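Visitor: model.txt is the file, holding compact mmCIF, C-alpha atoms and all ligand atoms:
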# COMPACT_ATOMS: atom_id res chain seq x y z
CA MET V 1 101.77 89.71 93.29
CA PHE V 2 98.70 88.28 91.62
CA LYS V 3 97.81 84.65 91.32
CA ILE V 4 95.08 84.66 88.69
CA ILE V 5 92.64 81.77 88.47
CA VAL V 6 90.36 81.88 85.44
CA VAL V 7 87.19 79.82 85.76
CA GLU V 8 84.20 79.04 83.55
CA ASN V 9 81.40 80.50 85.61
CA TYR V 10 80.16 81.97 88.88
CA ASP V 11 79.69 78.61 90.59
CA GLU V 12 83.24 77.56 89.82
CA ALA V 13 84.48 80.94 91.07
CA SER V 14 82.66 80.36 94.37
CA ARG V 15 84.11 76.84 94.63
CA GLU V 16 87.68 78.03 94.04
CA ALA V 17 87.21 80.92 96.47
CA PHE V 18 85.94 78.52 99.12
CA LYS V 19 89.11 76.41 98.78
CA VAL V 20 91.29 79.48 99.39
CA MET V 21 89.17 80.64 102.34
CA LYS V 22 89.02 77.18 103.89
CA GLU V 23 92.78 76.77 103.71
CA VAL V 24 93.27 79.99 105.68
CA ILE V 25 90.63 79.01 108.25
CA ASP V 26 92.06 75.53 108.72
CA SER V 27 95.64 76.70 109.07
CA ASN V 28 95.02 79.34 111.74
CA GLU V 29 94.24 78.94 115.44
CA ARG V 30 92.24 82.15 115.37
CA PRO V 31 91.53 83.10 111.76
CA VAL V 32 90.79 86.77 111.17
CA LEU V 33 88.61 87.16 108.10
CA GLY V 34 87.98 90.41 106.25
CA LEU V 35 84.57 90.10 104.63
CA ALA V 36 82.73 91.87 101.85
CA THR V 37 79.19 92.51 100.65
CA GLY V 38 77.76 92.72 97.15
CA SER V 39 76.38 89.93 95.00
CA THR V 40 79.81 88.48 94.24
CA PRO V 41 80.60 86.75 97.58
CA ILE V 42 77.14 85.18 98.04
CA GLY V 43 78.15 81.89 96.37
CA LEU V 44 81.23 81.60 98.59
CA TYR V 45 79.12 82.37 101.67
CA LYS V 46 76.68 79.60 100.68
CA LYS V 47 79.59 77.17 100.53
CA MET V 48 80.80 78.26 103.97
CA MET V 49 77.31 77.75 105.42
CA ALA V 50 77.05 74.33 103.74
CA ASP V 51 80.45 73.45 105.23
CA HIS V 52 79.18 74.44 108.69
CA LYS V 53 76.10 72.26 108.21
CA THR V 54 78.30 69.26 107.65
CA GLY V 55 79.88 69.81 111.07
CA THR V 56 82.70 72.35 110.68
CA SER V 57 82.70 74.95 113.43
CA TYR V 58 83.49 78.58 112.61
CA LYS V 59 83.49 79.60 116.30
CA LYS V 60 87.17 80.47 116.32
CA CYS V 61 86.80 83.02 113.49
CA ILE V 62 86.96 86.76 113.99
CA THR V 63 85.52 88.91 111.23
CA PHE V 64 85.82 92.49 110.04
CA ASN V 65 83.61 93.82 107.28
CA LEU V 66 84.90 96.27 104.74
CA ASP V 67 82.19 98.87 104.81
CA GLU V 68 78.73 100.08 105.81
CA TYR V 69 76.30 102.74 104.63
CA ILE V 70 75.98 105.85 106.78
CA GLY V 71 72.57 106.90 108.00
CA LEU V 72 70.53 103.73 107.83
CA PRO V 73 69.42 102.16 111.13
CA LYS V 74 71.35 98.92 111.76
CA THR V 75 68.33 96.71 111.16
CA HIS V 76 67.28 98.41 107.88
CA GLU V 77 67.00 95.70 105.26
CA GLN V 78 69.73 97.24 103.10
CA THR V 79 72.45 97.74 105.71
CA TYR V 80 75.50 95.59 105.31
CA TYR V 81 74.84 94.47 108.89
CA THR V 82 71.56 92.92 107.70
CA PHE V 83 73.14 91.59 104.51
CA MET V 84 75.90 89.80 106.40
CA HIS V 85 73.53 88.24 108.92
CA ASP V 86 71.09 87.11 106.21
CA ASN V 87 73.75 85.79 103.84
CA LEU V 88 76.34 84.38 106.21
CA PHE V 89 76.36 84.90 109.94
CA ASN V 90 72.91 83.43 110.67
CA GLY V 91 74.13 80.25 108.97
CA LEU V 92 77.38 79.95 110.95
CA ASP V 93 78.31 79.72 114.64
CA ILE V 94 80.64 82.72 114.91
CA PRO V 95 79.94 84.38 118.28
CA GLU V 96 78.36 87.82 117.76
CA GLU V 97 81.19 89.46 119.74
CA ASN V 98 83.69 88.22 117.13
CA ILE V 99 81.80 90.00 114.34
CA HIS V 100 82.84 93.55 113.46
CA ILE V 101 80.95 95.78 111.04
CA PRO V 102 81.36 99.57 111.01
CA VAL V 103 78.43 101.23 112.80
CA GLY V 104 76.87 103.42 110.13
CA ASP V 105 74.26 105.00 112.39
CA SER V 106 76.75 106.00 115.06
CA ALA V 107 76.15 109.44 116.61
CA ASN V 108 79.82 110.18 115.98
CA VAL V 109 80.88 108.64 112.68
CA PRO V 110 84.44 110.07 112.59
CA ALA V 111 85.06 108.54 116.03
CA GLU V 112 83.58 105.25 114.80
CA CYS V 113 86.12 105.20 111.95
CA ILE V 114 89.01 105.61 114.40
CA LYS V 115 87.56 102.98 116.74
CA TYR V 116 87.17 100.50 113.87
CA GLU V 117 90.73 100.96 112.69
CA GLU V 118 91.96 100.58 116.29
CA ALA V 119 90.03 97.33 116.68
CA MET V 120 91.79 95.96 113.62
CA LYS V 121 95.18 96.82 115.12
CA GLU V 122 94.57 94.20 117.77
CA TYR V 123 94.21 91.55 115.09
CA HIS V 124 95.85 91.10 111.75
CA ILE V 125 93.50 90.18 108.94
CA ASP V 126 94.61 86.82 107.54
CA ILE V 127 92.48 87.02 104.43
CA GLN V 128 90.58 89.97 103.02
CA LEU V 129 87.80 89.08 100.64
CA LEU V 130 87.04 91.68 97.96
CA GLY V 131 84.66 92.23 95.12
CA ILE V 132 85.35 95.05 92.69
CA GLY V 133 83.19 97.89 91.45
CA GLY V 134 82.79 98.55 87.73
CA ASN V 135 84.95 101.67 88.24
CA GLY V 136 87.67 99.72 90.05
CA HIS V 137 86.54 100.57 93.58
CA ILE V 138 87.35 98.21 96.43
CA GLY V 139 85.31 98.41 99.60
CA PHE V 140 83.85 101.86 98.98
CA ASN V 141 87.18 103.41 98.00
CA GLU V 142 86.17 105.31 94.91
CA PRO V 143 88.58 106.48 92.18
CA GLY V 144 90.70 109.32 93.50
CA THR V 145 91.00 107.89 97.03
CA PRO V 146 94.59 108.32 98.24
CA PHE V 147 96.36 105.00 98.79
CA ASP V 148 97.33 105.92 102.34
CA THR V 149 93.77 106.13 103.68
CA LEU V 150 92.67 104.19 106.73
CA THR V 151 89.01 103.62 107.69
CA HIS V 152 87.20 106.78 106.63
CA ILE V 153 83.96 108.39 105.49
CA VAL V 154 83.31 108.47 101.74
CA ASP V 155 80.85 110.29 99.52
CA LEU V 156 79.48 107.66 97.18
CA GLN V 157 79.82 108.37 93.48
CA GLU V 158 76.66 108.65 91.43
CA LYS V 159 77.65 105.53 89.43
CA THR V 160 78.03 103.47 92.59
CA ARG V 161 74.69 104.73 93.93
CA GLN V 162 73.04 103.81 90.62
CA ASP V 163 74.69 100.35 90.68
CA ASN V 164 73.32 99.79 94.18
CA ALA V 165 69.92 101.36 93.52
CA ARG V 166 68.60 97.95 92.42
CA PHE V 167 68.42 96.95 96.07
CA PHE V 168 66.30 99.97 97.05
CA GLU V 169 62.82 101.05 95.97
CA HIS V 170 64.07 104.35 94.66
CA ILE V 171 67.52 105.84 93.98
CA ASP V 172 66.74 108.65 96.47
CA GLU V 173 66.79 106.04 99.23
CA VAL V 174 70.38 104.99 98.46
CA PRO V 175 72.64 106.58 101.08
CA THR V 176 75.09 109.21 99.86
CA GLN V 177 77.86 108.30 102.26
CA ALA V 178 79.51 105.22 103.71
CA ILE V 179 82.24 104.17 106.12
CA THR V 180 84.89 102.04 104.49
CA MET V 181 88.22 100.49 105.36
CA GLY V 182 90.78 102.51 103.46
CA ILE V 183 93.17 101.24 100.85
CA ALA V 184 96.01 101.28 103.39
CA THR V 185 93.81 99.19 105.72
CA ILE V 186 93.16 96.64 102.98
CA MET V 187 96.84 96.51 102.04
CA LYS V 188 97.73 95.47 105.61
CA SER V 189 95.92 92.14 105.33
CA LYS V 190 98.17 89.13 104.89
CA LYS V 191 96.30 87.79 101.90
CA VAL V 192 93.69 89.23 99.54
CA LEU V 193 91.07 87.15 97.73
CA LEU V 194 89.31 89.10 94.99
CA ILE V 195 86.46 87.60 93.00
CA ALA V 196 84.98 89.12 89.84
CA THR V 197 82.58 87.70 87.33
CA GLY V 198 80.82 89.12 84.30
CA GLU V 199 81.72 91.40 81.44
CA ASN V 200 80.91 94.58 83.36
CA LYS V 201 83.97 93.91 85.53
CA ALA V 202 86.40 93.38 82.61
CA ASP V 203 87.68 96.99 82.46
CA ALA V 204 88.17 97.13 86.22
CA ILE V 205 90.07 93.81 86.20
CA TYR V 206 92.25 95.05 83.35
CA GLY V 207 92.97 98.30 85.23
CA MET V 208 93.76 96.44 88.43
CA ILE V 209 96.23 94.01 86.85
CA LYS V 210 97.62 95.66 83.75
CA GLY V 211 96.92 99.36 84.23
CA PRO V 212 99.20 101.85 85.91
CA VAL V 213 99.23 101.88 89.73
CA SER V 214 97.02 104.91 90.06
CA GLU V 215 94.34 106.39 92.27
CA ALA V 216 92.17 106.44 89.15
CA CYS V 217 91.75 102.69 89.65
CA PRO V 218 91.73 101.99 93.42
CA ALA V 219 92.20 98.23 92.89
CA SER V 220 95.52 98.88 91.10
CA ALA V 221 97.03 99.47 94.57
CA LEU V 222 96.94 95.68 94.90
CA GLN V 223 99.82 95.45 92.40
CA ASN V 224 101.96 96.35 95.43
CA HIS V 225 100.56 93.60 97.67
CA ASN V 226 102.55 90.39 97.84
CA ASP V 227 99.72 87.86 98.04
CA VAL V 228 96.58 88.48 95.99
CA VAL V 229 94.50 85.62 94.62
CA VAL V 230 92.20 86.81 91.83
CA ILE V 231 89.38 84.52 90.75
CA VAL V 232 87.75 85.63 87.53
CA ASP V 233 85.46 84.08 85.00
CA LYS V 234 86.29 84.31 81.30
CA ALA V 235 84.08 87.35 80.81
CA ALA V 236 85.78 89.35 83.59
CA ALA V 237 89.17 88.20 82.29
CA SER V 238 88.33 89.01 78.65
CA LYS V 239 90.43 92.20 78.45
CA LEU V 240 93.57 90.80 80.06
C1 LIG T 301 79.62 97.62 96.51
C2 LIG T 301 80.51 97.17 97.68
C3 LIG T 301 81.80 96.56 97.20
C4 LIG T 301 81.51 95.54 96.11
C5 LIG T 301 80.89 96.21 94.92
C6 LIG T 301 80.58 95.23 93.78
O1 LIG T 301 79.83 98.93 96.14
N1 LIG T 301 80.82 98.24 98.61
O2 LIG T 301 82.48 95.97 98.31
O3 LIG T 301 82.71 94.90 95.73
O4 LIG T 301 79.70 96.84 95.32
O5 LIG T 301 79.37 94.60 94.00
P1 LIG T 301 78.88 93.30 93.26
O6 LIG T 301 79.64 92.17 93.86
O7 LIG T 301 77.42 93.21 93.59
O8 LIG T 301 79.15 93.49 91.83
Hey, can you dump this file as structure tokens for me?
Guide:
Amino acid sequence: MFKIIVVENYDEASREAFKVMKEVIDSNERPVLGLATGSTPIGLYKKMMADHKTGTSYKKCITFNLDEYIGLPKTHEQTYYTFMHDNLFNGLDIPEENIHIPVGDSANVPAECIKYEEAMKEYHIDIQLLGIGGNGHIGFNEPGTPFDTLTHIVDLQEKTRQDNARFFEHIDEVPTQAITMGIATIMKSKKVLLIATGENKADAIYGMIKGPVSEACPASALQNHNDVVVIVDKAAASKL
């Protein structure tokens, strides 16, 4: 079930998302947060860091990130490990042992996928934050991903590599594979918070909410989740 909140702009989207996130954090003894990368959550992360600066502790939080590139050393400037530390964790007080990000330079990536999924079994994600790809991907679950997948290895589509090439010096440097939570993993979280802004997300948002539930649009799986808050600006909502 979707609760759709349409806002004017990116800043308002971040403000609304912060309210939803904060409510979950405040109402849980040990909040388990599923976190995402991409440009979309940066505004929300800024608000969380500002909240910490005013005295709120995030020590009790446990986090699991959605995905990570395969093949880049952990400290490479484009890993999601680096992204998360630069854009959130270095500005909060979550103990490092509470932070979980798939290890993309593991010597045994298939084993890492199993280990990651196992670690999530111990906890139950209270809120999973998501952005959405222009082709409807969530995490790195590209169109065609079966809905029953758990954490797994994906081959990145050319479109996704091109979208992400802006962060690298050359497209050849963009990894070709990633580890991602699967759609079944995402569906297990108690609540989903998906943020999308800008016209280039309008088709994906339409497919997610109004399209058929189909592997062609991975986000459409969320039609079968009972608690999804979607925060969209007018441009992303323009095709609804
Ligand atoms: C990447 C990430 C996704 C993210 C998507 C959209 O592919 N793996 O988790 O949702 O990009 O990114 P952005 O928020 O920058 O539009």
Visitor: Do you have, as a Markdown table, the list of residues of chain V lying at most 8 Å from ligand LIG 301 (chain T), each with its nearest atom pair and that distance in Å to one decimal, counting only C-alpha atoms and all ligand atoms and ordered by chain then number?
Guide:
| residue | atom | partner | partner_atom | distance |
| --- | --- | --- | --- | --- |
| V:Ala36 | CA | T:LIG301 | O2 | 5.4 |
| V:Thr37 | CA | T:LIG301 | O2 | 5.3 |
| V:Gly38 | CA | T:LIG301 | O7 | 3.6 |
| V:Ser39 | CA | T:LIG301 | O7 | 3.7 |
| V:Thr40 | CA | T:LIG301 | O6 | 3.7 |
| V:Pro41 | CA | T:LIG301 | O6 | 6.6 |
| V:Leu66 | CA | T:LIG301 | O2 | 6.9 |
| V:Asp67 | CA | T:LIG301 | N1 | 6.4 |
| V:Glu68 | CA | T:LIG301 | N1 | 7.7 |
| V:Leu130 | CA | T:LIG301 | O3 | 5.8 |
| V:Gly131 | CA | T:LIG301 | O3 | 3.4 |
| V:Ile132 | CA | T:LIG301 | O3 | 4.0 |
| V:Gly133 | CA | T:LIG301 | C6 | 4.4 |
| V:Gly134 | CA | T:LIG301 | C6 | 7.2 |
| V:His137 | CA | T:LIG301 | O3 | 7.2 |
| V:Ile138 | CA | T:LIG301 | O2 | 5.7 |
| V:Gly139 | CA | T:LIG301 | O2 | 4.0 |
| V:Phe140 | CA | T:LIG301 | N1 | 4.7 |
| V:Thr160 | CA | T:LIG301 | O1 | 6.0 |
| V:Asp163 | CA | T:LIG301 | O1 | 7.6 |
| V:Asn164 | CA | T:LIG301 | O1 | 6.9 |
| V:Ala196 | CA | T:LIG301 | O6 | 7.3 |
| V:Lys201 | CA | T:LIG301 | O8 | 7.9 |
Visitor: Compare V:Glu118, V:Asp51, V:Asp203, V:Glu29 by their minimum atom-to-atom distance to Arg15 (chain V), counting all atoms listed in the file, and give me the closest one.
Guide: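 Between V:Glu118, V:Asp51, V:Asp203, V:Glu29, the residue approaching Arg15 (chain V) most closely is V:Asp51.
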Visitor: In Å, how far is it from CA of Ile4 (chain V) to CA of Thr197 (chain V)?
Guide: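 Computing it gives 12.9 Å between the two atoms.
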Visitor: I need the residue nearest Glu122 (chain V) from this list: V:Ile209, V:Ile70, V:Val32, V:Ala165. Use all atoms listed in the file for the distance.
Guide: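 Looking only at the distances to Glu122 (chain V), the closest residue turns out to be V:Val32.
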Visitor: For the contact check between region 20-48 of chain V and region 87-93 of chain V, emit one row per residue of region 20-48 of chain V within 8 Å, containing the shortest atom pair and the distance in Å rounded to one decimal, counting only C-alpha atoms, chain then rising number order, as a tab-separated table.
Guide:
residue	atom	partner	partner_atom	distance
V:Ile42	CA	V:Asn87	CA	6.7
V:Tyr45	CA	V:Leu88	CA	5.7
V:Lys46	CA	V:Leu88	CA	7.3
V:Met48	CA	V:Leu88	CA	7.9
Visitor: Set the distance at 7 Å and use only C-alpha atoms: which residues neighbour Ala235 (chain V) once local chain neighbours fewer than 6 positions away are removed? I'd like the list as number ranges by chain.
Guide: V: 197-199, 202
Visitor: Please tabulate, as JSON lines, the residues of region 84-199 of chain V that come within 9 Å of region 214-234 of chain V, each with its closest pair of atoms and the distance in Å to one decimal, counting all atoms listed in the file and ordering rows by chain, then residue number upward.
Guide:
{"residue": "V:Ile132", "atom": "CA", "partner": "V:Ala219", "partner_atom": "CA", "distance": 7.6}
{"residue": "V:Asn135", "atom": "CA", "partner": "V:Cys217", "partner_atom": "CA", "distance": 7.0}
{"residue": "V:Gly136", "atom": "CA", "partner": "V:Cys217", "partner_atom": "CA", "distance": 5.1}
{"residue": "V:His137", "atom": "CA", "partner": "V:Pro218", "partner_atom": "CA", "distance": 5.4}
{"residue": "V:Ile138", "atom": "CA", "partner": "V:Ala219", "partner_atom": "CA", "distance": 6.0}
{"residue": "V:Asn141", "atom": "CA", "partner": "V:Pro218", "partner_atom": "CA", "distance": 6.6}
{"residue": "V:Glu142", "atom": "CA", "partner": "V:Pro218", "partner_atom": "CA", "distance": 6.6}
{"residue": "V:Pro143", "atom": "CA", "partner": "V:Ala216", "partner_atom": "CA", "distance": 4.7}
{"residue": "V:Gly144", "atom": "CA", "partner": "V:Glu215", "partner_atom": "CA", "distance": 4.8}
{"residue": "V:Thr145", "atom": "CA", "partner": "V:Glu215", "partner_atom": "CA", "distance": 6.0}
{"residue": "V:Pro146", "atom": "CA", "partner": "V:Glu215", "partner_atom": "CA", "distance": 6.3}
{"residue": "V:Phe147", "atom": "CA", "partner": "V:Glu215", "partner_atom": "CA", "distance": 7.0}
{"residue": "V:Ile183", "atom": "CA", "partner": "V:Ala221", "partner_atom": "CA", "distance": 7.6}
{"residue": "V:Ile186", "atom": "CA", "partner": "V:Leu222", "partner_atom": "CA", "distance": 9.0}
{"residue": "V:Met187", "atom": "CA", "partner": "V:His225", "partner_atom": "CA", "distance": 6.4}
{"residue": "V:Lys188", "atom": "CA", "partner": "V:His225", "partner_atom": "CA", "distance": 8.6}
{"residue": "V:Lys190", "atom": "CA", "partner": "V:Asp227", "partner_atom": "CA", "distance": 7.1}
{"residue": "V:Lys191", "atom": "CA", "partner": "V:Asp227", "partner_atom": "CA", "distance": 5.2}
{"residue": "V:Val192", "atom": "CA", "partner": "V:Val228", "partner_atom": "CA", "distance": 4.6}
{"residue": "V:Leu193", "atom": "CA", "partner": "V:Val229", "partner_atom": "CA", "distance": 4.9}
{"residue": "V:Leu194", "atom": "CA", "partner": "V:Val230", "partner_atom": "CA", "distance": 4.9}
{"residue": "V:Ile195", "atom": "CA", "partner": "V:Ile231", "partner_atom": "CA", "distance": 4.8}
{"residue": "V:Ala196", "atom": "CA", "partner": "V:Val232", "partner_atom": "CA", "distance": 5.0}
{"residue": "V:Thr197", "atom": "CA", "partner": "V:Asp233", "partner_atom": "CA", "distance": 5.2}
{"residue": "V:Gly198", "atom": "CA", "partner": "V:Asp233", "partner_atom": "CA", "distance": 6.9}
{"residue": "V:Glu199", "atom": "CA", "partner": "V:Lys234", "partner_atom": "CA", "distance": 8.4}
Visitor: Select, from V:Val6, V:Ile127, V:Leu72, V:Ala184, the residue with the minimum atom-to-atom distance to Met21 (chain V), counting only C-alpha atoms.
Guide: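 Of all the options, V:Ile127 lies closest to Met21 (chain V).
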Visitor: Using CA of Lys3 (chain V) and CA of Pro212 (chain V) as the two end points, give the distance in Å to one decimal.
Guide: 18.1 Å
Visitor: Report the centre and edge lengths, in Å to one decimal, of an axis-aligned box enclosing every atom of region 153-163 of chain V listed in the file, padded by 4 Å on each side, as JSON.
Guide:
{"center_x": 78.5, "center_y": 105.3, "center_z": 97.5, "size_x": 18.9, "size_y": 17.9, "size_z": 24.1}
Visitor: Skip Asp26 (chain V) itself and residues of its chain fewer than 2 positions away, then list as a PDB file with C-alpha atoms, keeping the file's coordinate frame all residues within 12 Å of it, counting all atoms listed in the file.
Guide:
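Dumped everything to part_36.pdb:
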ATOM      1  CA  PHE V  18      85.940  78.520  99.120  1.00  0.00           C
ATOM      2  CA  LYS V  19      89.110  76.410  98.780  1.00  0.00           C
ATOM      3  CA  VAL V  20      91.290  79.480  99.390  1.00  0.00           C
ATOM      4  CA  MET V  21      89.170  80.640 102.340  1.00  0.00           C
ATOM      5  CA  LYS V  22      89.020  77.180 103.890  1.00  0.00           C
ATOM      6  CA  GLU V  23      92.780  76.770 103.710  1.00  0.00           C
ATOM      7  CA  VAL V  24      93.270  79.990 105.680  1.00  0.00           C
ATOM      8  CA  ASN V  28      95.020  79.340 111.740  1.00  0.00           C
ATOM      9  CA  GLU V  29      94.240  78.940 115.440  1.00  0.00           C
ATOM     10  CA  ARG V  30      92.240  82.150 115.370  1.00  0.00           C
ATOM     11  CA  PRO V  31      91.530  83.100 111.760  1.00  0.00           C
ATOM     12  CA  VAL V  32      90.790  86.770 111.170  1.00  0.00           C
ATOM     13  CA  THR V  56      82.700  72.350 110.680  1.00  0.00           C
ATOM     14  CA  SER V  57      82.700  74.950 113.430  1.00  0.00           C
ATOM     15  CA  TYR V  58      83.490  78.580 112.610  1.00  0.00           C
ATOM     16  CA  LYS V  60      87.170  80.470 116.320  1.00  0.00           C
ATOM     17  CA  CYS V  61      86.800  83.020 113.490  1.00  0.00           C
ATOM     18  CA  ASP V 126      94.610  86.820 107.540  1.00  0.00           C
TER      19      ASP V 126
END
Visitor: So what do you get for CA of Ile99 (chain V) versus CA of Thr63 (chain V), distance-wise?
Guide: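 Distance reported for this atom pair: 5.0 Å.
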